[in-house]
file my_file_35.pdb (PDB, C-alpha atoms)
ATOM      1  CA  MET A   1     -89.373 -39.818 -96.803
ATOM      2  CA  GLN A   2     -92.127 -42.219 -95.856
ATOM      3  CA  PRO A   3     -91.704 -44.646 -92.920
ATOM      4  CA  SER A   4     -91.166 -47.605 -95.264
ATOM      5  CA  GLY A   5     -88.483 -45.619 -97.090
ATOM      6  CA  ILE A   6     -86.697 -44.939 -93.810
ATOM      7  CA  ARG A   7     -86.791 -48.640 -92.898
ATOM      8  CA  LEU A   8     -85.368 -49.524 -96.309
ATOM      9  CA  LYS A   9     -82.596 -46.954 -95.859
ATOM     10  CA  TYR A  10     -81.592 -48.462 -92.485
ATOM     11  CA  ARG A  11     -81.782 -52.011 -93.815
ATOM     12  CA  LEU A  12     -79.448 -51.080 -96.668
ATOM     13  CA  ARG A  13     -77.028 -49.475 -94.192
ATOM     14  CA  ALA A  14     -77.103 -52.618 -92.037
ATOM     15  CA  ILE A  15     -76.428 -54.828 -95.067
ATOM     16  CA  LEU A  16     -73.510 -52.608 -96.115
ATOM     17  CA  LEU A  17     -72.085 -52.657 -92.584
ATOM     18  CA  ILE A  18     -72.322 -56.451 -92.308
ATOM     19  CA  SER A  19     -70.806 -56.836 -95.764
ATOM     20  CA  SER A  20     -67.920 -54.527 -94.838
ATOM     21  CA  LEU A  21     -67.215 -56.359 -91.583
ATOM     22  CA  THR A  22     -67.285 -59.702 -93.350
ATOM     23  CA  SER A  23     -64.804 -58.445 -95.940
ATOM     24  CA  LEU A  24     -62.520 -57.012 -93.266
ATOM     25  CA  GLY A  25     -62.483 -60.360 -91.431
ATOM     26  CA  GLY A  26     -61.380 -62.094 -94.627
ATOM     27  CA  ILE A  27     -58.735 -59.474 -95.403
ATOM     28  CA  ALA A  28     -57.321 -59.689 -91.875
ATOM     29  CA  GLN A  29     -57.155 -63.473 -92.070
ATOM     30  CA  GLU A  30     -55.522 -63.406 -95.536
ATOM     31  CA  SER A  31     -52.877 -60.937 -94.389
ATOM     32  CA  ALA A  32     -51.289 -63.513 -92.081
ATOM     33  CA  ASN A  33     -47.880 -64.495 -93.454
ATOM     34  CA  THR A  34     -46.701 -67.955 -94.271
ATOM     35  CA  PRO A  35     -44.793 -69.579 -91.400
ATOM     36  CA  GLN A  36     -41.064 -68.948 -91.294
ATOM     37  CA  SER A  37     -38.263 -70.889 -89.676
ATOM     38  CA  ARG A  38     -37.992 -68.834 -86.450
ATOM     39  CA  PRO A  39     -40.270 -70.256 -83.702
ATOM     40  CA  GLU A  40     -41.722 -66.839 -82.828
ATOM     41  CA  ALA A  41     -42.414 -66.128 -86.521
ATOM     42  CA  THR A  42     -44.079 -69.519 -86.859
ATOM     43  CA  LYS A  43     -46.256 -68.891 -83.815
ATOM     44  CA  GLU A  44     -47.238 -65.483 -85.169
ATOM     45  CA  ALA A  45     -48.006 -66.840 -88.645
ATOM     46  CA  LEU A  46     -50.112 -69.667 -87.220
ATOM     47  CA  SER A  47     -52.024 -67.423 -84.810
ATOM     48  CA  CYS A  48     -55.759 -67.030 -85.211
ATOM     49  CA  LEU A  49     -56.978 -63.460 -85.443
ATOM     50  CA  LEU A  50     -60.553 -64.555 -84.721
ATOM     51  CA  ALA A  51     -61.441 -67.656 -82.749
ATOM     52  CA  SER A  52     -64.855 -67.607 -84.426
ATOM     53  CA  ASN A  53     -63.492 -68.578 -87.858
ATOM     54  CA  CYS A  54     -60.142 -70.197 -87.172
ATOM     55  CA  VAL A  55     -58.457 -73.020 -85.272
ATOM     56  CA  ASN A  56     -54.791 -73.851 -84.774
ATOM     57  CA  SER A  57     -52.441 -76.103 -82.845
ATOM     58  CA  LEU A  58     -50.609 -73.414 -80.881
ATOM     59  CA  ASP A  59     -53.106 -71.405 -78.814
ATOM     60  CA  ASP A  60     -53.434 -72.522 -75.224
ATOM     61  CA  MET A  61     -57.202 -72.228 -74.824
ATOM     62  CA  THR A  62     -58.848 -73.107 -78.125
ATOM     63  CA  SER A  63     -56.326 -75.193 -80.011
ATOM     64  CA  LEU A  64     -56.333 -78.727 -81.299
ATOM     65  CA  PRO A  65     -53.324 -81.015 -80.810
ATOM     66  CA  ALA A  66     -50.481 -80.772 -83.311
ATOM     67  CA  LEU A  67     -50.027 -83.606 -85.791
ATOM     68  CA  ARG A  68     -47.347 -86.024 -84.552
ATOM     69  CA  PHE A  69     -45.099 -88.200 -86.701
ATOM     70  CA  ASN A  70     -42.225 -90.650 -86.296
ATOM     71  CA  GLY A  71     -39.123 -90.556 -88.458
ATOM     72  CA  SER A  72     -37.681 -87.656 -90.410
ATOM     73  CA  ALA A  73     -39.296 -84.371 -91.415
ATOM     74  CA  ASP A  74     -39.509 -85.705 -94.984
ATOM     75  CA  GLU A  75     -41.448 -88.739 -93.755
ATOM     76  CA  GLY A  76     -43.789 -86.483 -91.770
ATOM     77  CA  LYS A  77     -44.296 -84.290 -94.816
ATOM     78  CA  ALA A  78     -45.020 -87.321 -96.988
ATOM     79  CA  ILE A  79     -47.760 -88.395 -94.563
ATOM     80  CA  LEU A  80     -49.103 -84.829 -94.553
ATOM     81  CA  LEU A  81     -49.274 -84.697 -98.367
ATOM     82  CA  ALA A  82     -50.877 -88.152 -98.527
ATOM     83  CA  THR A  83     -53.504 -87.036 -96.023
ATOM     84  CA  LEU A  84     -54.179 -83.860 -98.021
ATOM     85  CA  ALA A  85     -54.622 -86.004-101.143
ATOM     86  CA  ALA A  86     -57.410 -87.901 -99.341
ATOM     87  CA  PHE A  87     -59.463 -84.677 -99.222
ATOM     88  CA  PRO A  88     -60.838 -83.907-102.700
ATOM     89  CA  GLU A  89     -61.749 -80.357-101.631
ATOM     90  CA  ALA A  90     -58.101 -79.596-100.787
ATOM     91  CA  SER A  91     -55.525 -78.185-103.150
ATOM     92  CA  VAL A  92     -51.900 -77.561-102.233
ATOM     93  CA  VAL A  93     -50.924 -74.017-103.197
ATOM     94  CA  LYS A  94     -47.455 -73.895-101.637
ATOM     95  CA  ASN A  95     -45.070 -76.737-100.901
ATOM     96  CA  GLU A  96     -41.761 -75.773 -99.306
ATOM     97  CA  ALA A  97     -39.226 -77.714 -97.247
ATOM     98  CA  LEU A  98     -40.909 -77.322 -93.852
ATOM     99  CA  GLN A  99     -44.131 -75.571 -94.838
ATOM    100  CA  VAL A 100     -47.227 -76.501 -96.788
ATOM    101  CA  GLU A 101     -50.190 -74.291 -97.585
ATOM    102  CA  ALA A 102     -53.488 -75.737 -98.779
ATOM    103  CA  VAL A 103     -56.868 -74.286 -99.650
ATOM    104  CA  PHE A 104     -60.034 -76.204 -98.868
ATOM    105  CA  THR A 105     -63.055 -75.201-100.942
ATOM    106  CA  THR A 106     -66.489 -76.000 -99.527
ATOM    107  CA  PRO A 107     -69.303 -77.246-101.790
ATOM    108  CA  ILE A 108     -70.839 -73.758-101.832
ATOM    109  CA  GLY A 109     -67.540 -72.067-102.689
ATOM    110  CA  PHE A 110     -66.089 -70.822 -99.392
ATOM    111  CA  ARG A 111     -62.302 -71.067 -99.321
ATOM    112  CA  ASP A 112     -60.438 -71.880 -96.110
ATOM    113  CA  GLN A 113     -56.673 -71.517 -95.876
ATOM    114  CA  VAL A 114     -54.690 -74.134 -93.971
ATOM    115  CA  LEU A 115     -51.037 -73.526 -93.146
ATOM    116  CA  PHE A 116     -48.834 -76.369 -91.910
ATOM    117  CA  HIS A 117     -45.377 -75.963 -90.362
ATOM    118  CA  ILE A 118     -43.208 -79.023 -89.845
ATOM    119  CA  ASP A 119     -41.156 -78.934 -86.644
ATOM    120  CA  ALA A 120     -38.517 -81.579 -87.369
ATOM    121  CA  ALA A 121     -36.856 -81.390 -83.942
ATOM    122  CA  ASN A 122     -40.078 -82.082 -82.053
ATOM    123  CA  LYS A 123     -41.595 -84.401 -84.694
ATOM    124  CA  ARG A 124     -44.792 -82.398 -84.939
ATOM    125  CA  ILE A 125     -46.708 -80.457 -87.533
ATOM    126  CA  ASP A 126     -48.405 -77.312 -86.317
ATOM    127  CA  PHE A 127     -51.262 -75.830 -88.307
ATOM    128  CA  ARG A 128     -53.747 -72.994 -88.661
ATOM    129  CA  SER A 129     -57.026 -73.440 -90.496
ATOM    130  CA  GLY A 130     -59.008 -70.269 -91.071
ATOM    131  CA  SER A 131     -61.784 -68.917 -93.229
ATOM    132  CA  ASN A 132     -60.762 -66.405 -95.867
ATOM    133  CA  ILE A 133     -64.183 -64.742 -95.787
ATOM    134  CA  GLY A 134     -66.486 -63.999 -92.892
ATOM    135  CA  LEU A 135     -66.392 -63.643 -89.159
ATOM    136  CA  TYR A 136     -67.884 -67.066 -88.341
ATOM    137  CA  ASP A 137     -67.301 -70.496 -89.786
ATOM    138  CA  PHE A 138     -69.887 -72.310 -87.622
ATOM    139  CA  GLY A 139     -67.198 -74.775 -86.491
ATOM    140  CA  LYS A 140     -66.219 -75.917 -90.008
ATOM    141  CA  ASN A 141     -62.452 -75.400 -89.594
ATOM    142  CA  ARG A 142     -62.427 -77.180 -86.220
ATOM    143  CA  SER A 143     -64.425 -80.174 -87.481
ATOM    144  CA  ARG A 144     -62.319 -80.398 -90.652
ATOM    145  CA  MET A 145     -59.059 -80.371 -88.710
ATOM    146  CA  LYS A 146     -60.353 -82.995 -86.267
ATOM    147  CA  GLU A 147     -61.169 -85.222 -89.248
ATOM    148  CA  PHE A 148     -57.832 -84.344 -90.851
ATOM    149  CA  SER A 149     -55.970 -85.266 -87.644
ATOM    150  CA  ALA A 150     -57.730 -88.636 -87.476
ATOM    151  CA  ARG A 151     -56.818 -89.389 -91.105
ATOM    152  CA  PHE A 152     -53.252 -88.232 -90.518
ATOM    153  CA  GLU A 153     -52.913 -90.666 -87.614
ATOM    154  CA  LYS A 154     -54.360 -93.458 -89.752
ATOM    155  CA  GLU A 155     -51.892 -92.645 -92.578
ATOM    156  CA  SER A 156     -49.006 -92.654 -90.105
ATOM    157  CA  GLY A 157     -50.032 -96.020 -88.666
ATOM    158  CA  ARG A 158     -50.574 -94.655 -85.171
TER     159      ARG A 158
END
call {"tool": "encode", "arguments": {"input": "my_file_35.pdb", "output": "structure tokens"}}
result
Amino acid sequence: MQPSGIRLKYRLRAILLISSLTSLGGIAQESANTPQSRPEATKEALSCLLASNCVNSLDDMTSLPALRFNGSADEGKAILLATLAAFPEASVVKNEALQVEAVFTTPIGFRDQVLFHIDAANKRIDFRSGSNIGLYDFGKNRSRMKEFSARFEKESGR
């Protein structure tokens, strides 16, 4: 093999490796279960596997504040759904009593999963926003959830 052929061979291996790692990051993120009613199950379901492509409201070091509401869980959920409706890139894929799952699709087609769990007793909504593909999101999930939190507060009149 000529030197340029060897370089091409190693470049192809590097591309395959990066592609595989990117796919594994997406698979790992997608495998997280929907939040359940037990607090430990909720914390596990809302955990971020990679801080480089995910943000949530439960981790001590890298989290954002939970969404806060006044009134009943139904009122909190109504504000949540109204806020989601204000984001044209969001689509609700699961809507249960205390849980909502949405997918945000970026203009270039990346899909980010956002899970919300309503904690009626503490009048808060915890969340996890993570990329379905890739190891890095370049801060997209964090910036989106900061904007989402601001709109949620505006919707709730806070």
call {"tool": "closest_residue", "arguments": {"input": "my_file_35.pdb", "among": "A:Ala86, A:Leu81, A:Leu58, A:Val93", "to": "Phe127 of chain A", "atoms": "all atoms listed in the file"}}
result
A:Leu58
call {"tool": "residues_near_point", "arguments": {"input": "my_file_35.pdb", "point": "(-47.7, -88.1, -93.8)", "cutoff": "10 Å", "atoms": "only C-alpha atoms", "output": "number ranges by chain"}}
result
A: 67-70, 73-84, 125, 151-157
call {"tool": "closest_residue", "arguments": {"input": "my_file_35.pdb", "among": "A:Gly71, A:Ser143, A:Ala51, A:Ala66", "to": "Phe116 of chain A", "atoms": "only C-alpha atoms"}}
result
A:Ala66
call {"tool": "closest_residue", "arguments": {"input": "my_file_35.pdb", "among": "A:Val114, A:Met145, A:Ala121, A:Val55", "to": "Lys94 of chain A", "atoms": "all atoms listed in the file"}}
result
A:Val114
call {"tool": "residues_around", "arguments": {"input": "my_file_35.pdb", "residues": "Asp126 of chain A", "least_positions_apart": "3", "cutoff": "10 Å", "atoms": "only C-alpha atoms", "output": "number ranges by chain"}}
result
A: 35, 42-43, 46, 56-58, 64-68, 99, 115-119, 123
call {"tool": "closest_residue", "arguments": {"input": "my_file_35.pdb", "among": "A:Ser72, A:Gly109, A:Ser52, A:Ala90", "to": "Gly139 of chain A", "atoms": "all atoms listed in the file"}}
result
A:Ser52
call {"tool": "atom_distance", "arguments": {"input": "my_file_35.pdb", "atom1": "atom CA of Gln113 of chain A", "atom2": "atom CA of Arg128 of chain A"}}
result
7.9 Å
call {"tool": "residues_around", "arguments": {"input": "my_file_35.pdb", "residues": "Tyr136 of chain A", "least_positions_apart": "2", "cutoff": "10 Å", "atoms": "only C-alpha atoms", "output": "short mmCIF file (atom, residue, chain, number, x, y, z; two decimals) with C-alpha atoms, in the frame of the given file"}}
result
data_model
loop_
_atom_site.label_atom_id
_atom_site.label_comp_id
_atom_site.auth_asym_id
_atom_site.auth_seq_id
_atom_site.Cartn_x
_atom_site.Cartn_y
_atom_site.Cartn_z
CA THR A 22 -67.28 -59.70 -93.35
CA GLY A 25 -62.48 -60.36 -91.43
CA LEU A 50 -60.55 -64.56 -84.72
CA ALA A 51 -61.44 -67.66 -82.75
CA SER A 52 -64.86 -67.61 -84.43
CA ASN A 53 -63.49 -68.58 -87.86
CA CYS A 54 -60.14 -70.20 -87.17
CA GLY A 130 -59.01 -70.27 -91.07
CA SER A 131 -61.78 -68.92 -93.23
CA ILE A 133 -64.18 -64.74 -95.79
CA GLY A 134 -66.49 -64.00 -92.89
CA PHE A 138 -69.89 -72.31 -87.62
CA GLY A 139 -67.20 -74.78 -86.49
CA LYS A 140 -66.22 -75.92 -90.01
#
call {"tool": "atom_distance", "arguments": {"input": "my_file_35.pdb", "atom1": "atom CA of Pro88 of chain A", "atom2": "atom CA of Glu44 of chain A"}}
result
28.8 Å
call {"tool": "atom_distance", "arguments": {"input": "my_file_35.pdb", "atom1": "atom CA of Ser47 of chain A", "atom2": "atom CA of Phe148 of chain A"}}
result
18.9 Å
call {"tool": "resolve_selection", "arguments": {"input": "my_file_35.pdb", "expression": "the PyMOL selection byres ((chain A and resi 106) around 12)", "output": "JSON, numbers by chain"}}
result
{"A": [87, 88, 89, 90, 91, 103, 104, 105, 107, 108, 109, 110, 111, 112, 113, 131, 132, 137, 140, 141, 144]}
call {"tool": "axis_aligned_box", "arguments": {"input": "my_file_35.pdb", "around": "segment 47-51 of chain A", "padding_each_side": "6 Å", "output": "lines of an AutoDock Vina configuration file"}}
result
center_x = -56.7
center_y = -65.6
center_z = -84.1
size_x = 21.4
size_y = 16.2
size_z = 14.7
call {"tool": "decode", "arguments": {"input": "my_file_35.pdb", "residues": "segment 93-134 of chain A", "atoms": "C-alpha atoms", "output": "PDB file, in the first residue's frame"}}
result
ATOM      1  CA  VAL A  93     -45.076  12.540  22.354  1.00  0.00           C
ATOM      2  CA  LYS A  94     -46.370  11.368  25.735  1.00  0.00           C
ATOM      3  CA  ASN A  95     -48.836  13.050  28.059  1.00  0.00           C
ATOM      4  CA  GLU A  96     -49.608  11.214  31.292  1.00  0.00           C
ATOM      5  CA  ALA A  97     -50.967  12.361  34.649  1.00  0.00           C
ATOM      6  CA  LEU A  98     -47.674  13.529  36.168  1.00  0.00           C
ATOM      7  CA  GLN A  99     -45.322  13.091  33.220  1.00  0.00           C
ATOM      8  CA  VAL A 100     -44.882  14.724  29.845  1.00  0.00           C
ATOM      9  CA  GLU A 101     -42.371  13.822  27.165  1.00  0.00           C
ATOM     10  CA  ALA A 102     -41.596  16.172  24.290  1.00  0.00           C
ATOM     11  CA  VAL A 103     -39.213  16.092  21.358  1.00  0.00           C
ATOM     12  CA  PHE A 104     -37.580  19.276  20.129  1.00  0.00           C
ATOM     13  CA  THR A 105     -36.353  19.151  16.535  1.00  0.00           C
ATOM     14  CA  THR A 106     -33.643  21.615  15.528  1.00  0.00           C
ATOM     15  CA  PRO A 107     -33.723  23.334  12.117  1.00  0.00           C
ATOM     16  CA  ILE A 108     -31.098  20.899  10.808  1.00  0.00           C
ATOM     17  CA  GLY A 109     -32.970  17.841  12.082  1.00  0.00           C
ATOM     18  CA  PHE A 110     -31.387  16.936  15.430  1.00  0.00           C
ATOM     19  CA  ARG A 111     -33.941  15.598  17.897  1.00  0.00           C
ATOM     20  CA  ASP A 112     -33.650  16.309  21.619  1.00  0.00           C
ATOM     21  CA  GLN A 113     -35.807  14.485  24.145  1.00  0.00           C
ATOM     22  CA  VAL A 114     -37.214  16.417  27.095  1.00  0.00           C
ATOM     23  CA  LEU A 115     -38.833  14.566  29.984  1.00  0.00           C
ATOM     24  CA  PHE A 116     -40.886  16.444  32.576  1.00  0.00           C
ATOM     25  CA  HIS A 117     -42.045  15.025  35.916  1.00  0.00           C
ATOM     26  CA  ILE A 118     -44.602  16.936  37.953  1.00  0.00           C
ATOM     27  CA  ASP A 119     -44.015  16.775  41.707  1.00  0.00           C
ATOM     28  CA  ALA A 120     -47.418  17.828  43.047  1.00  0.00           C
ATOM     29  CA  ALA A 121     -46.393  17.795  46.720  1.00  0.00           C
ATOM     30  CA  ASN A 122     -43.491  20.192  46.201  1.00  0.00           C
ATOM     31  CA  LYS A 123     -45.150  22.223  43.412  1.00  0.00           C
ATOM     32  CA  ARG A 124     -42.257  21.732  41.029  1.00  0.00           C
ATOM     33  CA  ILE A 125     -41.619  20.200  37.650  1.00  0.00           C
ATOM     34  CA  ASP A 126     -38.307  18.436  37.240  1.00  0.00           C
ATOM     35  CA  PHE A 127     -36.913  17.842  33.772  1.00  0.00           C
ATOM     36  CA  ARG A 128     -34.159  16.299  31.681  1.00  0.00           C
ATOM     37  CA  SER A 129     -33.303  17.610  28.236  1.00  0.00           C
ATOM     38  CA  GLY A 130     -30.851  15.510  26.263  1.00  0.00           C
ATOM     39  CA  SER A 131     -29.670  14.958  22.729  1.00  0.00           C
ATOM     40  CA  ASN A 132     -30.715  11.696  21.121  1.00  0.00           C
ATOM     41  CA  ILE A 133     -27.643  11.674  18.877  1.00  0.00           C
ATOM     42  CA  GLY A 134     -24.074  12.672  19.588  1.00  0.00           C
TER      43      GLY A 134
END
